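Data first, discussion second: the structure below is written as structure tokens.
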Amino acid sequence: MQQIKKAAVLGSGVMGSGIAAHLANIGIPTLLLDIVPRELTKQEEAKGLTLEDKQVRNRISATNLQKLVKQKPAPLASKKNLALIEAGNFDDDMERLKDVDWVIEVVVENLKIKQQVFEKVDQYRKLGSIVSSNTSGISVEAMAEGRSEDFQKHFLGTHFFNPPRYLKLLEVIPTKNTDPDVFSFMKQFGEDKLGKGVVEAKDTPNFIANRIGTYGLLVTVQEMLKGGYSVGEVDSVTGPLIGRPKSATFRTLDVVGLDTFVHVANNVYDQVEGQEKEVFEVPTFMKTMLEKGWFGSKSGQGFFLKKGKEILELNPETLEYGPRQKLKAASVEMSKQQKGLANKLKALVYSDDRAGQLLWNIFSPVLIYSAELFGEIADDIVAIDRAMKWGFGWEQGPFEAWDAMGVAKSVQKMEEQGLTVPKWVKDLIDNGFTSFYKEEEGKVYFYHNGEYKLIEENPKAIKLKQLKMQKGVIKKNSGASLVDLGDGVALLEFHSPNNSIGLDVVQMINFAVDEVEKNYKGLVIGNQGKNFCVGANLAMILMEAQDDNIFEVDMVVRHFQQAMMKIKYSTKPVVAAPFGMTLGGGSEVCLPAAHIQASMETYMGLVEVGVGLIPGGGGNKELYLKHLDSMPNGVDFDLQQVANKVFESIAMAKVSTSGEEARDNNFLNQADGVSVNGDHLLYDAKQAVLSLYGKGYKPPVRKKVPVVGETGYATLLLGAQSMYYSGYISEHDLKIAKKLAYVIAGGKVPYGTMVDEQYLLDLEREAFMSLVAEPKSQQRMQHMLLKGKPLRN
């Protein structure tokens, strides 16, 4: 039975150290090796070190390891994961490969060097250990030539995308000698443990995503030059408007680095012929940019240059920078009025204005190219579409986008323009089919060799949209739905705008808990929106406050508090499944749950001070209780320290950068879980419900809570007052801090007084209500709603 308990990464650059960090994030001890330096640094000479000292010999990997802590976005889900990675070097530590189960090569993209590394690996690895290359396009077959039989059986390509923690795609490339069981294991390990979306790619130049993605980028550059568009104009229509990332085309190239991009493009250019070769030839102005060292973000300038607050765009003809432009066209405005990406795309690509022409001329060659490569780079269209979505952040893969535009209509337009559409696409139309995908009874099928085949899914990847089509909904209102997850577990799904919490959501929480207590084993609170929940419905609170309907707001806050207590004391287990932004009220929904199953990418925090308020739904109390519960039994601890930590966390609006960091911040306890694969989050949460139910779940016993009282309140305020006198915070910030300190301290009672939860909830609600009525807090709420960022007034 194959297992990966320990790994080694060979090559410690950005990609190698990033992969090592991701392995550490999932708890795998990893050895990170690199070359031995040939000369000493000035600091090493000053310390009297020699080239024989271990500190010097491990310098390259050790330095790259330390960079992980400062990198943004953070490669490590928690800084303490760094302890799982050990630095070493190729000369002294190769024999340690006998102790690892997976060796990943991430050295320079040069076949000869890679072959030399693998020759050494073959000498030292243990039989049965997996060896893989993270190459972005060198032949995987060629790398394994001349290696032992056991090496070849256990060798494949595993191409991660940068940054490895955040980008979902993992292309796995077997060779003709790879043992099918090894491939199957890596696919499952990639999905279940690494949390990746795995696609099987064939051993062709640049595999799937980089082959099509690079082609698409170069076609876009060529269309820009041909049609006389500017860099800014292209970026203004090739981003979210067409279901692509905000960084669009040229901002993406600046982030990736022009040197990296050109290397990837040249890799295909050197290996293909004819018309395809022409597309992969990098335009002259980009070669000049390379010579000038204008690589993009890492060199300070590329297609864009930041001057003060202004961002300037490059003119490809003069190589001078000027003001950034946007492409204005009727089709752009029309597409913005449309609902759904399919309607937006149709409004754009079938229009004959400048935007329509540009987008049609970008889309049509990429769709045809993807269809031509079907069978050569991947065995089915699903792998191609997924690779582009997971690797390049496209909302739709090429074949999904083709469906959105209408296959027959687009093919007709392509042929009218003299473009050659691959025969198999024309056969699809001739056989009376209208799309590459079809949906029936909540199941999705894809077109393959004249028929539709069911898409095989990992059973852990629950798709809510399809589940609701198959099973229907138990009950719904404008803010939330109750859905049957199967096996006696129900799911409460938020679907209000931004998944914010209003009275409609609170009503559904109450209904859901009642329904589950009667008829189900337990409840999952989760959804598959962009974020779990960004907090309470701020617009509603502000509107009522400005109309002096304070009674209305008070009623909503009471109802919300009661609903949170209902979650906490439900007789059946309630499991919260947060992911993405889980802020303010979103965190308040999770804290009282019997169990939290968070996604690795969960950004959790009580951030209400940013809008001039404090948490009002029980968040202060629950975070305080979580901190108290984390204290070891029978050990004396300083209650004031606990109050200080909770106060600081809420007053500074601290937000975790991962599910693991949410645990470090005591939003999660040791029993709570973190799912590495976001697609498996609802499955994992459902299993947690079944496990709790199976163990005979009992709700917590209501108990009194010790507070720090008046003396503790004075201590909490000391820090805030010194920040105010030093000019770090405003008078209104100090007012909010006083209210927060009063709530966390438990009001005017002696230190150590035991109070009940309702008493703390009443304090919290009174403080919240007094701040809602403050004009300066209302200004902060308004600013957040209009500008999306906090106001410091």
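Labels used: A, B, ... for chains in the order of the structure tokens, numbers from 1 for residues in each chain, and numbers from 1 for ligands as shown.
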Can you check which parts of segment 658-725 of chain A lie within 7 Å of segment 72-78 of chain A? Per residue, the shortest pair of atoms and distance in Å to one decimal, counting only C-alpha atoms, sorted by chain and number, as a tab-separated table.
residue	atom	partner	partner_atom	distance
A:Ser658	CA	A:Ala77	CA	5.5
A:Glu660	CA	A:Ser78	CA	5.9
A:Glu661	CA	A:Ser78	CA	5.5
Which segment 153-256 of chain A residues have any atom within 10 Å of an atom of segment 268-278 of chain A, and for each, what is the nearest pair of atoms with distance in Å to one decimal, counting only C-alpha atoms, rows sorted by chain and number, as CSV?
residue,atom,partner,partner_atom,distance
A:Thr204,CA,A:Val268,CA,9.1
A:Pro205,CA,A:Val268,CA,5.6
A:Asn206,CA,A:Val268,CA,6.8
A:Phe207,CA,A:Val268,CA,9.9
A:Asn210,CA,A:Val268,CA,9.6
A:Arg211,CA,A:Val268,CA,7.5
A:Thr214,CA,A:Val268,CA,9.2
A:Tyr215,CA,A:Glu276,CA,8.8
Could you save those same residues with N, CA, C and O atoms as a CSV table (one decimal), in the first residue's frame?
chain,number,residue,atom,x,y,z
A,204,THR,N,3.5,16.1,-23.9
A,204,THR,CA,3.7,17.0,-25.1
A,204,THR,C,4.2,18.3,-24.6
A,204,THR,O,4.1,18.6,-23.4
A,205,PRO,N,4.7,19.2,-25.5
A,205,PRO,CA,5.3,20.4,-25.1
A,205,PRO,C,4.3,21.3,-24.2
A,205,PRO,O,3.2,21.5,-24.7
A,206,ASN,N,4.8,21.6,-23.0
A,206,ASN,CA,4.0,22.5,-22.1
A,206,ASN,C,2.7,21.9,-21.6
A,206,ASN,O,1.9,22.6,-21.0
A,207,PHE,N,2.5,20.6,-21.9
A,207,PHE,CA,1.3,19.9,-21.4
A,207,PHE,C,0.0,20.5,-21.8
A,207,PHE,O,-0.2,20.9,-23.0
A,210,ASN,N,-0.4,25.4,-20.0
A,210,ASN,CA,0.6,26.4,-20.5
A,210,ASN,C,0.5,26.4,-22.0
A,210,ASN,O,0.8,27.4,-22.6
A,211,ARG,N,0.2,25.2,-22.6
A,211,ARG,CA,0.2,25.2,-24.1
A,211,ARG,C,-0.9,26.1,-24.6
A,211,ARG,O,-0.7,27.0,-25.5
A,214,THR,N,-0.6,29.9,-23.2
A,214,THR,CA,0.5,30.7,-23.8
A,214,THR,C,0.0,31.1,-25.2
A,214,THR,O,0.2,32.2,-25.7
A,215,TYR,N,-0.6,30.1,-25.9
A,215,TYR,CA,-1.1,30.4,-27.3
A,215,TYR,C,-2.2,31.5,-27.2
A,215,TYR,O,-2.1,32.5,-28.0
Inset, instruction - Compile the contact shell of segment 768-770 of chain A as a PyMOL selection string: residues with an atom at most 6 Å away, counting only C-alpha atoms, same-chain residues fewer than 3 positions apart removed. - result: chain A and resi 614+616+765+773
Legend entry - Which residue of A:Val108, A:Leu194, A:Leu668, A:Met754 approaches His680 of chain A most closely, using only C-alpha atoms: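 Selected residue with least distance to His680 of chain A: A:Leu194.
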Inset, instruction - Might you pull out every residue within 7 Å of Phe436 of chain A, with only C-alpha atoms counted and same-chain residues fewer than 6 positions away left off, and present them as a ChimeraX atom specification? - result: /A:399,403,446-447
Can you write out the residues you just picked, keeping C-alpha atoms, as a CSV table (one decimal), in the first residue's frame?
chain,number,residue,atom,x,y,z
A,399,PHE,CA,-15.3,24.1,-24.7
A,403,ASP,CA,-21.1,26.1,-25.6
A,446,PHE,CA,-19.5,15.5,-22.1
A,447,TYR,CA,-19.3,14.8,-25.8
Inset, instruction - Apply DSSP to the structure's backbone, then extract all residues of segment 498-664 of chain A labelled strand (DSSP E or B) and return them as a PyMOL selection string. - result: chain A and resi 501+522-525+533+536+574-576+580-583+595-599+602-605
Inset, instruction - Please identify all polymer residues within 6 Å of segment 14-26 of chain A, counting only C-alpha atoms, omitting same-chain residues fewer than 2 positions from it, and present them as a list in words. - result: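 Within the cut-off, the hits are Gly11, Ser12, Ile28, Pro75, Leu76, Ala77, Asn81, Leu84, Val106, Pro164 and Arg165 of chain A.
We find atom CA of Leu97 of chain A and atom CA of Gly13 of chain A to be spaced 19.4 Å apart.
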So that I can check the surroundings of Lys292 of chain A, please list as an mmCIF file with N, CA and C atoms, in the first residue's frame every protein, DNA and RNA residue that reaches within 12 Å of it, counting only C-alpha atoms and ignoring chain neighbours fewer than 5 positions away.
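Just written: out02.cif:
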data_model
loop_
_atom_site.group_PDB
_atom_site.id
_atom_site.type_symbol
_atom_site.label_atom_id
_atom_site.label_comp_id
_atom_site.auth_asym_id
_atom_site.auth_seq_id
_atom_site.Cartn_x
_atom_site.Cartn_y
_atom_site.Cartn_z
ATOM 1 N N LEU A 258 7.934 38.435 -17.610
ATOM 2 C CA LEU A 258 8.092 38.267 -19.059
ATOM 3 C C LEU A 258 9.154 37.226 -19.383
ATOM 4 N N ASP A 259 10.221 37.169 -18.569
ATOM 5 C CA ASP A 259 11.289 36.186 -18.815
ATOM 6 C C ASP A 259 10.746 34.763 -18.713
ATOM 7 N N PHE A 285 8.880 43.546 -30.036
ATOM 8 C CA PHE A 285 8.892 44.534 -28.939
ATOM 9 C C PHE A 285 9.041 43.849 -27.579
ATOM 10 N N MET A 286 8.544 42.601 -27.457
ATOM 11 C CA MET A 286 8.679 41.879 -26.193
ATOM 12 C C MET A 286 10.127 41.416 -26.002
ATOM 13 N N LYS A 287 10.788 41.088 -27.097
ATOM 14 C CA LYS A 287 12.214 40.712 -26.998
ATOM 15 C C LYS A 287 13.040 41.924 -26.553
ATOM 16 N N SER A 299 10.727 43.442 -11.653
ATOM 17 C CA SER A 299 11.767 44.416 -12.023
ATOM 18 C C SER A 299 11.249 45.855 -11.917
ATOM 19 N N GLY A 300 9.989 45.994 -11.475
ATOM 20 C CA GLY A 300 9.459 47.348 -11.260
ATOM 21 C C GLY A 300 8.764 47.949 -12.470
ATOM 22 N N GLN A 301 8.950 47.351 -13.647
ATOM 23 C CA GLN A 301 8.199 47.825 -14.819
ATOM 24 C C GLN A 301 8.092 46.724 -15.861
ATOM 25 N N GLY A 302 7.024 46.783 -16.641
ATOM 26 C CA GLY A 302 6.805 45.801 -17.707
ATOM 27 C C GLY A 302 5.821 46.414 -18.672
ATOM 28 N N LEU A 319 7.648 52.058 -27.148
ATOM 29 C CA LEU A 319 8.204 51.585 -25.867
ATOM 30 C C LEU A 319 8.292 52.722 -24.844
#
Legend entry - Residue nearest Gly612 of chain A - candidates A:Ala387, A:Ile311, A:Val516, A:Met781, atoms counted: only C-alpha atoms: A:Met781
Legend entry - Those in segment 172-383 of chain A with helix (DSSP H, G or I) from DSSP, as a PyMOL selection string: chain A and resi 180-192+209-227+231-237+240-242+250-256+258-269+274-279+284-292+297-299+330-337+341-349+354-373+381-383
When you look at Val140 of chain A with a cut-off of 8 Å (counting only C-alpha atoms), what residues show up, excluding the ones that are within fewer than 2 positions of it in the same chain? I need them as a compact mmCIF listing (two decimals) with C-alpha atoms, in the first residue's frame.
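Dumped to part_7.txt:
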# COMPACT_ATOMS: atom_id res chain seq x y z
CA SER A 133 9.48 16.16 -12.05
CA ILE A 138 10.31 19.16 -20.94
CA ALA A 142 13.28 11.74 -22.03
CA MET A 143 14.10 12.48 -18.38
CA ALA A 144 13.67 8.84 -17.37
CA LEU A 156 5.97 10.64 -13.67
CA GLY A 157 5.52 14.36 -14.20
CA ILE A 173 1.94 13.17 -16.71
CA PRO A 174 2.58 9.41 -16.79
CA THR A 175 5.21 7.89 -19.13
CA ASP A 203 3.82 14.09 -22.60
Inset, instruction - Go ahead and compute the interatomic distance for atom CA of Arg125 of chain A and atom CA of Lys112 of chain A, in Å to one decimal. - result: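 So the two atoms, atom CA of Arg125 of chain A and atom CA of Lys112 of chain A, lie 19.9 Å apart.
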Which residues of segment 262-305 of chain A have any atom within 12 Å of an atom in segment 229-232 of chain A when counting only C-alpha atoms, and what is the closest pair of atoms for each, with the distance in Å to one decimal? Order the rows by chain and rising number and write it as CSV.
residue,atom,partner,partner_atom,distance
A:Gly302,CA,A:Val231,CA,11.0
A:Phe303,CA,A:Val231,CA,7.2
A:Phe304,CA,A:Val231,CA,8.5
A:Leu305,CA,A:Gly232,CA,11.7
How would the residues just chosen look if you wrote them out with all heavy atoms as a PDB file, in the first residue's frame?
ATOM      1  N   GLY A 302       7.024  46.783 -16.641  1.00  0.00           N
ATOM      2  CA  GLY A 302       6.805  45.801 -17.707  1.00  0.00           C
ATOM      3  C   GLY A 302       5.821  46.414 -18.672  1.00  0.00           C
ATOM      4  O   GLY A 302       6.078  47.469 -19.245  1.00  0.00           O
ATOM      5  N   PHE A 303       4.654  45.793 -18.792  1.00  0.00           N
ATOM      6  CA  PHE A 303       3.608  46.382 -19.633  1.00  0.00           C
ATOM      7  C   PHE A 303       2.980  47.578 -18.919  1.00  0.00           C
ATOM      8  O   PHE A 303       2.375  48.434 -19.532  1.00  0.00           O
ATOM      9  CB  PHE A 303       2.547  45.334 -19.982  1.00  0.00           C
ATOM     10  CG  PHE A 303       3.090  44.256 -20.884  1.00  0.00           C
ATOM     11  CD1 PHE A 303       3.527  43.042 -20.361  1.00  0.00           C
ATOM     12  CD2 PHE A 303       3.204  44.469 -22.247  1.00  0.00           C
ATOM     13  CE1 PHE A 303       4.058  42.062 -21.189  1.00  0.00           C
ATOM     14  CE2 PHE A 303       3.729  43.500 -23.079  1.00  0.00           C
ATOM     15  CZ  PHE A 303       4.163  42.297 -22.547  1.00  0.00           C
ATOM     16  N   PHE A 304       3.132  47.592 -17.596  1.00  0.00           N
ATOM     17  CA  PHE A 304       2.640  48.724 -16.804  1.00  0.00           C
ATOM     18  C   PHE A 304       3.776  49.265 -15.941  1.00  0.00           C
ATOM     19  O   PHE A 304       4.687  48.537 -15.567  1.00  0.00           O
ATOM     20  CB  PHE A 304       1.466  48.293 -15.913  1.00  0.00           C
ATOM     21  CG  PHE A 304       0.245  47.894 -16.698  1.00  0.00           C
ATOM     22  CD1 PHE A 304      -0.066  46.548 -16.884  1.00  0.00           C
ATOM     23  CD2 PHE A 304      -0.593  48.842 -17.261  1.00  0.00           C
ATOM     24  CE1 PHE A 304      -1.176  46.164 -17.619  1.00  0.00           C
ATOM     25  CE2 PHE A 304      -1.714  48.476 -18.000  1.00  0.00           C
ATOM     26  CZ  PHE A 304      -2.010  47.131 -18.177  1.00  0.00           C
ATOM     27  N   LEU A 305       3.663  50.537 -15.606  1.00  0.00           N
ATOM     28  CA  LEU A 305       4.650  51.187 -14.749  1.00  0.00           C
ATOM     29  C   LEU A 305       3.890  52.066 -13.764  1.00  0.00           C
ATOM     30  O   LEU A 305       3.037  52.862 -14.162  1.00  0.00           O
ATOM     31  CB  LEU A 305       5.590  52.058 -15.600  1.00  0.00           C
ATOM     32  CG  LEU A 305       6.567  52.964 -14.835  1.00  0.00           C
ATOM     33  CD1 LEU A 305       7.603  52.149 -14.088  1.00  0.00           C
ATOM     34  CD2 LEU A 305       7.265  53.931 -15.799  1.00  0.00           C
TER      35      LEU A 305
END
Inset, instruction - Measure the distance from atom CA of Leu341 of chain A to atom CA of Gly432 of chain A in Å and round it to one decimal. - result: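 Going from atom CA of Leu341 of chain A over to atom CA of Gly432 of chain A covers 24.8 Å.
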Inset, instruction - May I ask which of the residues A:Leu591, A:Leu33, A:Ala401, A:Ala490 is the closest one to Val513 of chain A, counting only C-alpha atoms? - result: A:Ala490
